[in-house]
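Everything below belongs to upload_15.cif, which stores mmCIF, C-alpha atoms.
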```
data_input
#
loop_
_atom_site.label_atom_id
_atom_site.label_comp_id
_atom_site.auth_asym_id
_atom_site.auth_seq_id
_atom_site.Cartn_x
_atom_site.Cartn_y
_atom_site.Cartn_z
CA MET L 1 0.00 0.00 0.00
CA SER L 2 1.17 3.52 -0.71
CA ILE L 3 1.63 6.45 1.65
CA LEU L 4 -1.33 6.83 4.04
CA GLY L 5 -2.93 3.88 2.29
CA LYS L 6 -4.66 6.16 -0.22
CA PHE L 7 -3.40 4.74 -3.52
CA GLN L 8 -5.42 1.58 -4.10
CA ARG L 9 -3.75 -1.19 -6.04
CA LEU L 10 -6.24 -3.00 -8.25
CA PRO L 11 -6.39 -6.78 -8.82
CA ILE L 12 -5.28 -6.50 -12.46
CA ARG L 13 -2.04 -8.02 -13.72
CA LEU L 14 -0.89 -7.87 -17.32
CA TYR L 15 1.91 -10.39 -17.72
CA PRO L 16 4.18 -10.97 -20.73
CA ASP L 17 3.02 -13.87 -22.86
CA PRO L 18 5.67 -15.78 -24.84
CA ALA L 19 2.92 -17.39 -26.92
CA ARG L 20 2.15 -14.06 -28.60
CA VAL L 21 4.24 -13.95 -31.74
CA ILE L 22 4.58 -11.79 -34.80
CA VAL L 23 5.99 -12.98 -38.10
CA ARG L 24 8.88 -10.82 -39.28
CA PRO L 25 11.02 -10.67 -42.40
CA PHE L 26 14.19 -12.74 -42.28
CA ARG L 27 16.79 -10.92 -44.33
CA PRO L 28 20.26 -12.46 -44.65
CA ALA L 29 22.21 -9.30 -43.89
CA THR L 30 25.61 -8.08 -44.99
CA GLU L 31 25.87 -5.94 -41.83
CA PRO L 32 24.77 -6.99 -38.33
CA ARG L 33 21.92 -4.89 -36.88
CA ASN L 34 21.35 -3.17 -40.22
CA LEU L 35 17.63 -3.37 -40.98
CA THR L 36 18.04 -2.64 -44.69
CA SER L 37 21.23 -4.44 -45.74
CA ILE L 38 20.73 -7.73 -47.57
CA ASP L 39 23.07 -10.45 -48.81
CA LYS L 40 21.70 -10.84 -52.34
CA SER L 41 23.92 -13.78 -53.24
CA ARG L 42 22.68 -15.79 -50.28
CA VAL L 43 19.07 -14.89 -51.06
CA ASN L 44 19.47 -16.22 -54.59
CA ARG L 45 21.11 -19.44 -53.40
CA ILE L 46 18.18 -20.10 -51.05
CA VAL L 47 15.63 -19.35 -53.77
CA ASP L 48 17.45 -21.65 -56.22
CA ARG L 49 17.24 -24.50 -53.70
CA VAL L 50 13.52 -23.93 -53.22
CA LEU L 51 12.82 -23.89 -56.94
CA ALA L 52 14.86 -27.05 -57.46
CA MET L 53 12.37 -29.09 -55.39
CA SER L 54 10.12 -31.54 -57.18
CA ALA L 55 6.45 -30.65 -57.48
CA GLU L 56 5.62 -33.35 -54.94
CA MET L 57 8.13 -32.07 -52.38
CA GLU L 58 7.00 -28.50 -53.00
CA ALA L 59 3.40 -29.47 -52.22
CA GLN L 60 4.46 -31.37 -49.10
CA GLN L 61 6.52 -28.47 -47.78
CA LEU L 62 3.77 -25.95 -48.38
CA ALA L 63 1.20 -28.18 -46.68
CA HIS L 64 3.55 -28.60 -43.72
CA ILE L 65 4.02 -24.83 -43.43
CA VAL L 66 0.27 -24.19 -43.58
CA ALA L 67 -0.39 -26.83 -40.90
CA ASN L 68 2.25 -25.34 -38.61
CA PHE L 69 1.72 -21.61 -38.99
CA GLU L 70 -1.57 -20.62 -40.61
CA GLY L 71 -3.48 -20.88 -37.33
CA ARG L 72 -0.92 -18.70 -35.53
CA HIS L 73 -1.13 -15.65 -37.80
CA ARG L 74 -3.85 -13.76 -39.58
CA ASN L 75 -3.63 -14.25 -43.39
CA PHE L 76 -0.34 -16.11 -43.12
CA LEU L 77 -0.07 -17.17 -46.76
CA ALA L 78 -0.73 -13.59 -47.85
CA ILE L 79 2.20 -12.54 -45.66
CA CYS L 80 4.38 -15.17 -47.35
CA ARG L 81 3.33 -13.94 -50.77
CA ALA L 82 4.03 -10.31 -49.87
CA GLN L 83 7.47 -11.22 -48.51
CA SER L 84 8.36 -12.97 -51.76
CA LEU L 85 7.33 -9.91 -53.75
CA ASP L 86 9.36 -7.69 -51.43
CA LEU L 87 12.47 -9.75 -52.19
CA GLU L 88 12.25 -9.45 -55.97
CA GLY L 89 14.70 -6.58 -56.02
CA ALA L 90 17.34 -8.99 -54.69
CA PHE L 91 16.84 -11.58 -57.44
CA VAL L 92 19.67 -11.66 -59.99
CA ASP L 93 17.40 -13.19 -62.62
CA PRO L 94 13.78 -12.82 -61.37
CA PRO L 95 12.12 -16.21 -61.85
CA SER L 96 8.56 -16.75 -62.98
CA LEU L 97 6.85 -18.16 -59.91
CA SER L 98 3.52 -19.90 -59.47
CA ASP L 99 1.40 -18.75 -56.54
CA ASP L 100 2.42 -21.82 -54.52
CA GLN L 101 6.09 -21.20 -55.25
CA ARG L 102 5.76 -17.56 -54.28
CA GLN L 103 4.21 -18.52 -50.95
CA LEU L 104 6.92 -21.12 -50.35
CA VAL L 105 9.76 -18.75 -51.22
CA GLY L 106 8.28 -16.12 -48.93
CA ALA L 107 8.07 -18.58 -46.03
CA TYR L 108 11.83 -19.17 -46.21
CA PHE L 109 12.39 -15.46 -45.55
CA LEU L 110 10.14 -15.09 -42.51
CA HIS L 111 10.58 -15.94 -38.85
CA GLU L 112 8.44 -15.81 -35.74
CA TYR L 113 9.38 -13.43 -32.95
CA SER L 114 7.95 -13.57 -29.44
CA PHE L 115 7.77 -9.82 -28.96
CA GLU L 116 6.72 -9.84 -25.29
CA ALA L 117 8.55 -12.93 -24.11
CA SER L 118 10.56 -11.02 -21.49
CA ALA L 119 8.45 -8.07 -20.38
CA LEU L 120 5.23 -6.10 -20.80
CA PHE L 121 5.60 -2.84 -18.95
CA ASN L 122 5.85 0.99 -18.80
CA PRO L 123 2.21 1.68 -19.72
CA SER L 124 0.41 4.89 -20.67
CA ILE L 125 -3.35 5.33 -20.94
CA VAL L 126 -5.64 7.60 -22.99
CA PRO L 127 -9.36 7.71 -23.84
CA HIS L 128 -10.23 5.45 -26.77
CA PRO L 129 -11.32 7.30 -29.94
CA ASP L 130 -14.49 5.14 -29.93
CA GLN L 131 -16.74 5.79 -26.94
CA SER L 132 -19.89 4.27 -28.46
CA ASP L 133 -22.18 1.71 -26.80
CA LEU L 134 -21.14 2.54 -23.23
CA SER L 135 -23.25 3.21 -20.17
CA GLU L 136 -23.28 6.75 -18.81
CA GLY L 137 -20.15 7.44 -16.78
CA ASP L 138 -18.10 4.65 -18.39
CA LEU L 139 -14.89 5.33 -20.32
CA ARG L 140 -13.22 3.11 -22.88
CA PHE L 141 -9.43 3.46 -22.92
CA VAL L 142 -6.36 2.56 -24.94
CA LEU L 143 -3.40 1.23 -23.00
CA SER L 144 0.00 1.39 -24.67
CA LEU L 145 2.69 -0.98 -23.43
CA ARG L 146 6.38 -1.57 -24.02
CA ALA L 147 6.96 -5.18 -24.98
CA VAL L 148 10.43 -6.75 -24.82
CA GLY L 149 11.48 -9.94 -26.56
CA GLU L 150 14.64 -11.79 -27.54
CA GLY L 151 17.72 -9.56 -27.69
CA HIS L 152 16.05 -6.93 -25.48
CA ILE L 153 14.30 -5.44 -28.50
CA SER L 154 11.41 -3.18 -27.48
CA SER L 155 8.23 -2.69 -29.48
CA LEU L 156 4.96 -0.85 -28.94
CA THR L 157 1.76 -2.79 -28.35
CA PHE L 158 -1.76 -1.98 -27.18
CA GLN L 159 -4.62 -3.29 -25.09
CA SER L 160 -8.02 -1.81 -24.36
CA GLY L 161 -10.64 -1.85 -21.67
CA VAL L 162 -13.38 0.10 -19.90
CA ILE L 163 -13.34 2.06 -16.66
CA ARG L 164 -16.82 1.78 -15.19
CA LYS L 165 -18.57 4.65 -13.49
CA ASP L 166 -17.91 3.06 -10.10
CA GLY L 167 -14.17 2.79 -10.81
CA ASN L 168 -14.03 -0.90 -11.70
CA ILE L 169 -11.78 -1.69 -14.67
CA GLN L 170 -12.56 -4.40 -17.19
CA MET L 171 -9.83 -5.31 -19.65
CA ASP L 172 -10.87 -6.50 -23.10
CA MET L 173 -9.94 -10.04 -24.05
CA LYS L 174 -6.41 -10.37 -25.37
CA ALA L 175 -6.25 -10.58 -29.15
CA ARG L 176 -5.64 -14.02 -30.63
CA TYR L 177 -3.23 -12.74 -33.26
CA ALA L 178 -0.40 -10.20 -33.28
CA SER L 179 0.26 -8.34 -36.50
CA LEU L 180 2.64 -5.79 -37.97
CA PRO L 181 1.51 -2.78 -40.00
CA LEU L 182 2.15 -2.02 -43.63
CA VAL L 183 4.77 0.66 -44.27
CA THR L 184 2.85 3.00 -46.59
CA GLU L 185 5.51 5.68 -46.96
CA ARG L 186 9.12 6.19 -45.96
CA THR L 187 10.83 9.58 -46.34
CA ASN L 188 14.55 10.11 -45.75
CA SER L 189 16.15 13.50 -45.25
CA SER L 190 19.06 15.12 -43.43
CA LYS L 191 16.73 15.40 -40.43
CA GLY L 192 16.08 11.69 -40.20
CA GLU L 193 13.56 9.17 -41.43
CA VAL L 194 9.79 9.65 -41.32
CA VAL L 195 7.68 6.52 -41.62
CA ASP L 196 3.92 6.13 -42.13
CA LEU L 197 2.34 2.87 -41.00
CA THR L 198 -1.16 1.46 -41.47
CA PHE L 199 -2.81 -1.59 -39.96
CA ASP L 200 -5.58 -3.54 -41.61
CA ALA L 201 -8.94 -2.25 -40.35
CA GLU L 202 -10.04 -5.82 -39.53
CA GLN L 203 -7.22 -6.19 -37.00
CA GLN L 204 -8.23 -5.63 -33.39
CA LEU L 205 -6.47 -2.89 -31.44
CA GLY L 206 -4.81 -5.49 -29.22
CA GLU L 207 -3.44 -7.23 -32.31
CA ARG L 208 -1.41 -4.23 -33.49
CA VAL L 209 2.33 -4.18 -32.83
CA ILE L 210 4.68 -1.40 -33.89
CA PHE L 211 8.11 -2.95 -34.26
CA PRO L 212 11.32 -1.00 -35.06
CA VAL L 213 11.29 0.10 -38.70
CA THR L 214 14.26 2.50 -38.95
CA GLU L 215 17.96 2.31 -38.14
CA ALA L 216 17.51 4.76 -35.25
CA GLN L 217 14.99 2.29 -33.73
CA ALA L 218 16.89 -0.89 -34.60
CA ASN L 219 17.09 -2.08 -30.99
CA GLY L 220 13.85 -0.68 -29.72
CA ILE L 221 10.96 1.76 -29.47
CA GLU L 222 10.82 2.47 -25.74
CA ASP L 223 8.43 4.03 -23.21
CA ALA L 224 5.63 5.63 -25.22
CA ARG L 225 4.03 8.51 -23.33
CA PHE L 226 0.70 8.88 -25.12
CA VAL L 227 -1.52 11.91 -24.67
CA ALA L 228 -4.90 12.81 -26.14
CA PHE L 229 -4.12 16.23 -27.63
CA ASP L 230 -6.89 18.79 -28.08
CA ASP L 231 -6.26 21.44 -30.75
CA GLU L 232 -9.29 23.73 -30.79
CA GLY L 233 -11.73 20.83 -30.61
CA THR L 234 -9.79 18.44 -32.87
CA ARG L 235 -8.40 15.44 -31.03
CA SER L 236 -5.27 13.59 -32.03
CA TYR L 237 -2.96 11.28 -30.13
CA HIS L 238 0.80 11.78 -29.77
CA ALA L 239 3.43 9.79 -27.93
CA THR L 240 7.00 10.74 -27.25
CA VAL L 241 9.20 7.63 -27.44
CA THR L 242 12.87 6.81 -27.05
CA ALA L 243 14.39 5.21 -30.13
CA TYR L 244 17.42 3.02 -29.44
CA SER L 245 19.72 2.04 -32.28
CA GLY L 246 21.83 -0.30 -30.15
CA ARG L 247 24.44 2.45 -29.83
CA ALA L 248 22.58 5.72 -29.28
CA ILE L 249 19.19 7.02 -28.15
CA SER L 250 17.04 9.67 -29.81
CA SER L 251 13.66 11.22 -29.08
CA GLN L 252 10.87 10.53 -31.55
CA LEU L 253 7.17 11.23 -31.93
CA VAL L 254 4.44 8.71 -32.73
CA SER L 255 1.21 10.32 -33.95
CA THR L 256 -2.23 8.93 -34.81
CA CYS L 257 -5.88 9.94 -35.00
CA ASP L 258 -7.40 6.48 -34.84
CA PHE L 259 -4.76 3.94 -33.69
CA VAL L 260 -4.97 2.41 -37.17
CA SER L 261 -2.58 4.69 -39.08
CA PHE L 262 0.55 6.08 -37.45
CA ARG L 263 3.38 8.44 -38.31
CA LEU L 264 6.81 7.99 -36.68
CA GLN L 265 9.19 10.94 -36.92
CA PRO L 266 12.28 12.27 -35.15
CA LEU L 267 12.29 15.23 -32.75
CA PHE L 268 14.94 17.92 -33.13
CA GLY L 269 16.59 20.58 -30.99
CA ASN L 270 18.97 20.83 -28.08
CA ALA L 271 16.25 19.79 -25.61
CA THR L 272 15.67 16.36 -27.19
CA GLY L 273 18.85 14.53 -26.22
CA ASN L 274 17.52 12.85 -23.09
CA LYS L 275 14.82 10.31 -22.33
CA GLY L 276 11.35 10.98 -21.01
CA MET L 277 9.84 13.97 -22.82
CA ALA L 278 6.06 14.32 -22.39
CA LEU L 279 3.66 16.60 -24.25
CA PHE L 280 0.99 18.70 -22.53
CA PRO L 281 -2.56 17.80 -23.72
CA ARG L 282 -3.17 21.24 -25.26
CA LYS L 283 -1.31 24.39 -26.25
CA ILE L 284 -0.47 26.92 -23.56
CA ASP L 285 -0.52 30.58 -24.61
CA GLY L 286 -0.66 29.42 -28.22
CA LEU L 287 2.44 27.23 -27.96
CA PHE L 288 3.03 23.51 -27.76
CA ALA L 289 4.38 22.64 -24.30
CA MET L 290 6.55 19.78 -23.12
CA ILE L 291 8.02 18.60 -19.85
CA GLY L 292 11.20 16.55 -19.82
CA ARG L 293 14.67 15.93 -18.47
CA GLN L 294 17.71 17.45 -20.19
CA ASP L 295 20.62 16.92 -17.80
CA ASN L 296 19.99 13.45 -16.31
CA GLU L 297 18.71 14.94 -13.04
CA ASN L 298 16.17 17.77 -13.33
CA LEU L 299 12.80 18.39 -14.98
CA TYR L 300 12.41 21.22 -17.50
CA TYR L 301 9.46 23.06 -19.03
CA MET L 302 9.73 23.76 -22.77
CA THR L 303 7.56 25.48 -25.37
CA SER L 304 7.66 25.46 -29.16
CA THR L 305 5.79 26.65 -32.24
CA ASP L 306 6.69 23.37 -33.97
CA LEU L 307 5.68 20.01 -32.53
CA ARG L 308 8.92 18.48 -33.87
CA VAL L 309 11.45 21.08 -32.67
CA TRP L 310 12.37 21.63 -29.01
CA ASN L 311 15.11 23.90 -27.71
CA ASP L 312 16.24 25.22 -24.33
CA GLY L 313 13.70 25.26 -21.49
CA VAL L 314 13.40 26.27 -17.85
CA ALA L 315 14.42 23.99 -14.98
CA ILE L 316 11.34 23.73 -12.76
CA LEU L 317 11.98 20.70 -10.55
CA LYS L 318 15.20 19.45 -8.98
CA PRO L 319 15.87 16.47 -6.68
CA LEU L 320 14.87 17.47 -3.16
CA PHE L 321 13.98 14.33 -1.20
CA PRO L 322 16.21 11.27 -0.53
CA TRP L 323 14.13 9.03 -2.79
CA GLU L 324 14.97 11.22 -5.82
CA PHE L 325 18.57 12.25 -5.10
CA ILE L 326 20.01 10.30 -8.06
CA GLN L 327 17.47 11.30 -10.68
CA LEU L 328 14.09 12.92 -11.19
CA GLY L 329 11.95 12.41 -14.27
CA ASN L 330 8.37 12.64 -15.47
CA CYS L 331 5.99 9.70 -15.62
CA GLY L 332 3.85 10.76 -18.53
CA SER L 333 2.02 13.79 -19.85
CA PRO L 334 0.54 16.32 -17.42
CA ILE L 335 -3.09 15.77 -16.44
CA GLU L 336 -5.26 18.89 -16.35
CA LEU L 337 -7.18 19.42 -13.12
CA ASP L 338 -9.12 22.45 -11.91
CA GLU L 339 -6.31 23.03 -9.42
CA GLY L 340 -3.43 22.86 -11.93
CA TRP L 341 -1.34 20.46 -14.01
CA LEU L 342 -0.78 17.13 -12.24
CA VAL L 343 2.50 15.49 -13.25
CA PHE L 344 3.52 12.07 -11.99
CA THR L 345 7.27 11.80 -11.45
CA HIS L 346 9.74 9.01 -10.91
CA GLY L 347 12.52 9.33 -8.40
CA VAL L 348 15.65 7.21 -8.17
CA GLY L 349 17.19 6.76 -4.75
CA PRO L 350 19.53 4.39 -2.86
CA VAL L 351 20.43 1.16 -4.67
CA ARG L 352 18.73 2.70 -7.76
CA LYS L 353 15.28 2.03 -6.38
CA TYR L 354 12.60 3.63 -8.59
CA VAL L 355 9.45 5.06 -6.99
CA ILE L 356 6.55 7.24 -8.16
CA GLY L 357 5.70 10.70 -6.83
CA ALA L 358 3.71 13.67 -8.09
CA VAL L 359 3.90 17.43 -8.54
CA LEU L 360 1.26 20.09 -9.21
CA LEU L 361 2.09 22.94 -11.60
CA ASP L 362 0.27 26.22 -12.01
CA LYS L 363 -2.25 25.99 -14.87
CA ALA L 364 -1.44 29.40 -16.37
CA ASP L 365 2.30 29.28 -15.64
CA PRO L 366 3.59 25.68 -15.55
CA THR L 367 7.05 26.86 -14.50
CA ARG L 368 5.51 27.58 -11.10
CA VAL L 369 5.40 24.58 -8.75
CA LEU L 370 2.38 24.61 -6.43
CA GLY L 371 3.16 21.42 -4.55
CA ARG L 372 4.92 18.07 -4.60
CA THR L 373 4.84 14.82 -2.66
CA ALA L 374 7.41 14.58 0.12
CA GLU L 375 7.11 10.78 0.14
CA PRO L 376 6.61 8.37 -2.76
CA LEU L 377 3.03 7.62 -3.77
CA ILE L 378 3.94 4.13 -4.92
CA SER L 379 7.05 2.16 -3.95
CA PRO L 380 7.85 -1.46 -4.78
CA GLU L 381 6.13 -3.70 -2.26
CA PRO L 382 7.90 -6.92 -1.24
CA SER L 383 5.90 -8.85 -3.85
CA GLU L 384 6.88 -6.28 -6.51
CA ARG L 385 10.65 -6.21 -6.03
CA GLU L 386 11.57 -9.19 -8.17
CA GLY L 387 11.71 -9.13 -11.95
CA TYR L 388 13.75 -8.25 -15.01
CA VAL L 389 15.01 -5.10 -13.24
CA PRO L 390 14.45 -5.38 -9.46
CA ASN L 391 13.12 -2.61 -7.22
CA VAL L 392 11.37 -0.55 -9.89
CA VAL L 393 7.84 0.83 -10.21
CA TYR L 394 7.30 3.04 -13.24
CA THR L 395 4.56 4.51 -15.39
CA CYS L 396 4.35 6.45 -18.66
CA GLY L 397 1.06 8.14 -17.88
CA GLY L 398 -2.21 8.18 -15.96
CA LEU L 399 -5.78 9.23 -16.73
CA ARG L 400 -8.48 11.25 -14.99
CA HIS L 401 -11.86 9.56 -14.77
CA GLY L 402 -14.42 11.64 -12.92
CA ASP L 403 -13.08 12.33 -9.44
CA ARG L 404 -10.37 9.66 -9.64
CA ILE L 405 -6.93 9.20 -11.15
CA VAL L 406 -6.30 5.82 -12.79
CA LEU L 407 -2.61 4.96 -12.95
CA PRO L 408 -1.30 1.86 -14.72
CA TYR L 409 2.25 1.15 -13.62
CA ALA L 410 5.00 -1.36 -14.30
CA VAL L 411 6.59 -3.68 -11.77
CA SER L 412 10.33 -4.40 -11.96
CA ASP L 413 10.33 -3.89 -15.75
CA THR L 414 8.36 -7.12 -16.09
CA TYR L 415 4.57 -6.78 -15.88
CA THR L 416 1.85 -4.14 -15.43
CA ASN L 417 -0.48 -3.32 -12.53
CA PHE L 418 -3.20 -0.69 -12.04
CA ALA L 419 -3.75 1.70 -9.15
CA MET L 420 -6.39 4.32 -8.39
CA ILE L 421 -6.74 7.31 -6.07
CA PRO L 422 -9.43 9.96 -5.47
CA ILE L 423 -8.17 13.33 -6.72
CA VAL L 424 -9.03 15.03 -3.42
CA ASP L 425 -6.86 12.52 -1.52
CA LEU L 426 -3.96 12.96 -3.93
CA LEU L 427 -4.08 16.76 -3.72
CA ALA L 428 -4.01 16.51 0.08
CA LEU L 429 -0.60 14.80 -0.20
CA LEU L 430 1.00 17.62 -2.17
CA GLN L 431 3.10 20.01 -0.11
CA ALA L 432 3.82 23.59 -1.16
#
```
As structure tokens:
Amino acid sequence: MSILGKFQRLPIRLYPDPARVIVRPFRPATEPRNLTSIDKSRVNRIVDRVLAMSAEMEAQQLAHIVANFEGRHRNFLAICRAQSLDLEGAFVDPPSLSDDQRQLVGAYFLHEYSFEASALFNPSIVPHPDQSDLSEGDLRFVLSLRAVGEGHISSLTFQSGVIRKDGNIQMDMKARYASLPLVTERTNSSKGEVVDLTFDAEQQLGERVIFPVTEAQANGIEDARFVAFDDEGTRSYHATVTAYSGRAISSQLVSTCDFVSFRLQPLFGNATGNKGMALFPRKIDGLFAMIGRQDNENLYYMTSTDLRVWNDGVAILKPLFPWEFIQLGNCGSPIELDEGWLVFTHGVGPVRKYVIGAVLLDKADPTRVLGRTAEPLISPEPSEREGYVPNVVYTCGGLRHGDRIVLPYAVSDTYTNFAMIPIVDLLALLQA
């Protein structure tokens, strides 16, 4: 239980599931970790071997593949066919393939990946774009999660559910399949790579997985902080994420209006070099506003006329209490209350123990701190200390529902819990 027993942990646990797999392209590469390099000579040798099979063996192999994999993936043979077509640029002498041969060739250049085998954590939560067919006072939500699989590669996945009027939370059933989007456009420039992605409309929200698609993301898309952004009555959804190439990190933006089509693009400016930026849910004084860490220790307030460009900023919060002496960071986008902007924070203390606190910023002037928690709101309980990274509780964002705050949070970088607190009780814990 948290300080004063006011933050209620809910009996919801979202655990990583190794049985959830996506099917990804297998590309014999000329350079390790390079997502685009391809060993064309090896590709052609493999294709030659496939085409040398007798018609009987070809039929047997295709039947075996269908029996093993078609029930594990939506439209599996169509994925095989598309993969074969995608490889044609690597063929020295493009062969004329029957449909069965095309499916078989494609299968040799695919592999399954258990994208959440190791962890399912660091959640953020926003209202779902579809609020139809609900009882009065209920709210449907989208939960974004960081999934980690083999090689510590992070991807972005989603689940959904409903917060009932009385505060009960009902998670939707986990999707049977897991699917990757189609890359509809890819634009390269001196400022980085912009990628547009689209999922099939028939795919459930919980089926959609955004896996690294650029070199900057080669080893992961980490810690999405989604916010429902209101621009003069038009709602869109944006998430700041950390892209990890395996050598360097960079800040990027994931944007969508419907959680079907997404745009991934880099952020620029001298304020984007650290992890954990989070966008305010609306403009302030006509400017986009962001809170984030720039120097590994303190929280800054930044404004910009361009959603993609962030420079400078004002330090507004520095480590003050023992549980945040090592590092202070935000835990998601600010939540607008009548009393001000509520920002959940993470503090790192002795033995690099991560805990969750909160701060209240002035609504008109977010550089002005109205109050902060002197003690953590949530600390790892004995049952929450063990996992992939011990002694860590962490969140990428909460949600207001009526007079309550709903806060999904991760446990030891392994699985996800939910907690809830009345707003009046939370405000009572904030000290000026």
Please identify every residue of range 216-309 of chain L that has at least one atom no farther than 12 Å from an atom of range 173-188 of chain L, counting only C-alpha atoms, and for each give the shortest atom pair and the distance in Å to one decimal, arranged by chain then increasing number, as JSON lines.
```
{"residue": "L:Phe259", "atom": "CA", "partner": "L:Pro181", "partner_atom": "CA", "distance": 11.1}
{"residue": "L:Val260", "atom": "CA", "partner": "L:Pro181", "partner_atom": "CA", "distance": 8.8}
{"residue": "L:Ser261", "atom": "CA", "partner": "L:Pro181", "partner_atom": "CA", "distance": 8.6}
{"residue": "L:Phe262", "atom": "CA", "partner": "L:Pro181", "partner_atom": "CA", "distance": 9.3}
{"residue": "L:Arg263", "atom": "CA", "partner": "L:Glu185", "partner_atom": "CA", "distance": 9.3}
{"residue": "L:Leu264", "atom": "CA", "partner": "L:Arg186", "partner_atom": "CA", "distance": 9.7}
{"residue": "L:Gln265", "atom": "CA", "partner": "L:Thr187", "partner_atom": "CA", "distance": 9.7}
{"residue": "L:Pro266", "atom": "CA", "partner": "L:Asn188", "partner_atom": "CA", "distance": 11.1}
```
Could you give me the axis-aligned bounding box of range 228-241 of chain L, with 3 Å of padding per side, as centre plus edge lengths in Å to one decimal, as JSON?
```
{"center_x": -1.3, "center_y": 15.7, "center_z": -29.5, "size_x": 26.9, "size_y": 22.1, "size_z": 12.7}
```
Anything within 10 Å of (7.4, -1.2, -26.5): list those residues as a short mmCIF file (atom, residue, chain, number, x, y, z; two decimals) with C-alpha atoms, keeping the file's coordinate frame, counting only C-alpha atoms and sticking to the file's coordinates.
```
data_model
loop_
_atom_site.label_atom_id
_atom_site.label_comp_id
_atom_site.auth_asym_id
_atom_site.auth_seq_id
_atom_site.Cartn_x
_atom_site.Cartn_y
_atom_site.Cartn_z
CA PHE L 115 7.77 -9.82 -28.96
CA GLU L 116 6.72 -9.84 -25.29
CA ALA L 119 8.45 -8.07 -20.38
CA LEU L 120 5.23 -6.10 -20.80
CA PHE L 121 5.60 -2.84 -18.95
CA ASN L 122 5.85 0.99 -18.80
CA PRO L 123 2.21 1.68 -19.72
CA SER L 144 0.00 1.39 -24.67
CA LEU L 145 2.69 -0.98 -23.43
CA ARG L 146 6.38 -1.57 -24.02
CA ALA L 147 6.96 -5.18 -24.98
CA VAL L 148 10.43 -6.75 -24.82
CA GLY L 149 11.48 -9.94 -26.56
CA ILE L 153 14.30 -5.44 -28.50
CA SER L 154 11.41 -3.18 -27.48
CA SER L 155 8.23 -2.69 -29.48
CA LEU L 156 4.96 -0.85 -28.94
CA THR L 157 1.76 -2.79 -28.35
CA PHE L 158 -1.76 -1.98 -27.18
CA VAL L 209 2.33 -4.18 -32.83
CA ILE L 210 4.68 -1.40 -33.89
CA PHE L 211 8.11 -2.95 -34.26
CA PRO L 212 11.32 -1.00 -35.06
CA GLY L 220 13.85 -0.68 -29.72
CA ILE L 221 10.96 1.76 -29.47
CA GLU L 222 10.82 2.47 -25.74
CA ASP L 223 8.43 4.03 -23.21
CA ALA L 224 5.63 5.63 -25.22
CA VAL L 241 9.20 7.63 -27.44
CA THR L 242 12.87 6.81 -27.05
#
```
Residue IDs satisfying the PyMOL selection byres ((chain L and resi 102-108) around 6), as a ChimeraX atom specification: /L:80-81,83-84,97,99-101,109-110
For the residues in that selection, give me C-alpha atoms as a CSV table (one decimal), in the frame of the given file.
```
chain,number,residue,atom,x,y,z
L,80,CYS,CA,4.4,-15.2,-47.4
L,81,ARG,CA,3.3,-13.9,-50.8
L,83,GLN,CA,7.5,-11.2,-48.5
L,84,SER,CA,8.4,-13.0,-51.8
L,97,LEU,CA,6.8,-18.2,-59.9
L,99,ASP,CA,1.4,-18.8,-56.5
L,100,ASP,CA,2.4,-21.8,-54.5
L,101,GLN,CA,6.1,-21.2,-55.2
L,109,PHE,CA,12.4,-15.5,-45.6
L,110,LEU,CA,10.1,-15.1,-42.5
```
From L:Glu375, L:Asp258, L:Asp200, L:Glu207, residue lying nearest His128 in chain L [all atoms listed in the file]: L:Asp258
Closest contacts (range 101-209 of chain L/range 303-317 of chain L, max 12 Å, only C-alpha atoms) as JSON lines:
```
{"residue": "L:Lys191", "atom": "CA", "partner": "L:Arg308", "partner_atom": "CA", "distance": 10.7}
{"residue": "L:Gly192", "atom": "CA", "partner": "L:Arg308", "partner_atom": "CA", "distance": 11.7}
{"residue": "L:Val194", "atom": "CA", "partner": "L:Arg308", "partner_atom": "CA", "distance": 11.6}
```
Result set of the PyMOL selection byres ((chain L and resi 365) around 10) on the coordinates above, as a PyMOL selection string: chain L and resi 284-285+340-341+361-364+366-369
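This file gives the following result for the PyMOL selection byres ((chain L and resi 277) around 7): Thr240, Lys275, Gly276, Ala278, Leu279, Met290, Ile291, Gly292 and Arg293 of chain L.
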Residues near range 345-355 of chain L, cut-off 7 Å, all atoms listed in the file, skip fewer than 5 positions along chain, as an NGL selection string: :L and (322-331 or 376 or 378-379 or 391-394)
Keeping C-alpha atoms for every residue in the selection just given, could you write it to a file as a PDB file, in the coordinates of the input?
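Here's the written file out-v7.pdb:
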```pdb
ATOM      1  CA  PRO L 322      16.210  11.270  -0.530  1.00  0.00           C
ATOM      2  CA  TRP L 323      14.130   9.030  -2.790  1.00  0.00           C
ATOM      3  CA  GLU L 324      14.970  11.220  -5.820  1.00  0.00           C
ATOM      4  CA  PHE L 325      18.570  12.250  -5.100  1.00  0.00           C
ATOM      5  CA  ILE L 326      20.010  10.300  -8.060  1.00  0.00           C
ATOM      6  CA  GLN L 327      17.470  11.300 -10.680  1.00  0.00           C
ATOM      7  CA  LEU L 328      14.090  12.920 -11.190  1.00  0.00           C
ATOM      8  CA  GLY L 329      11.950  12.410 -14.270  1.00  0.00           C
ATOM      9  CA  ASN L 330       8.370  12.640 -15.470  1.00  0.00           C
ATOM     10  CA  CYS L 331       5.990   9.700 -15.620  1.00  0.00           C
ATOM     11  CA  PRO L 376       6.610   8.370  -2.760  1.00  0.00           C
ATOM     12  CA  ILE L 378       3.940   4.130  -4.920  1.00  0.00           C
ATOM     13  CA  SER L 379       7.050   2.160  -3.950  1.00  0.00           C
ATOM     14  CA  ASN L 391      13.120  -2.610  -7.220  1.00  0.00           C
ATOM     15  CA  VAL L 392      11.370  -0.550  -9.890  1.00  0.00           C
ATOM     16  CA  VAL L 393       7.840   0.830 -10.210  1.00  0.00           C
ATOM     17  CA  TYR L 394       7.300   3.040 -13.240  1.00  0.00           C
TER      18      TYR L 394
END
```
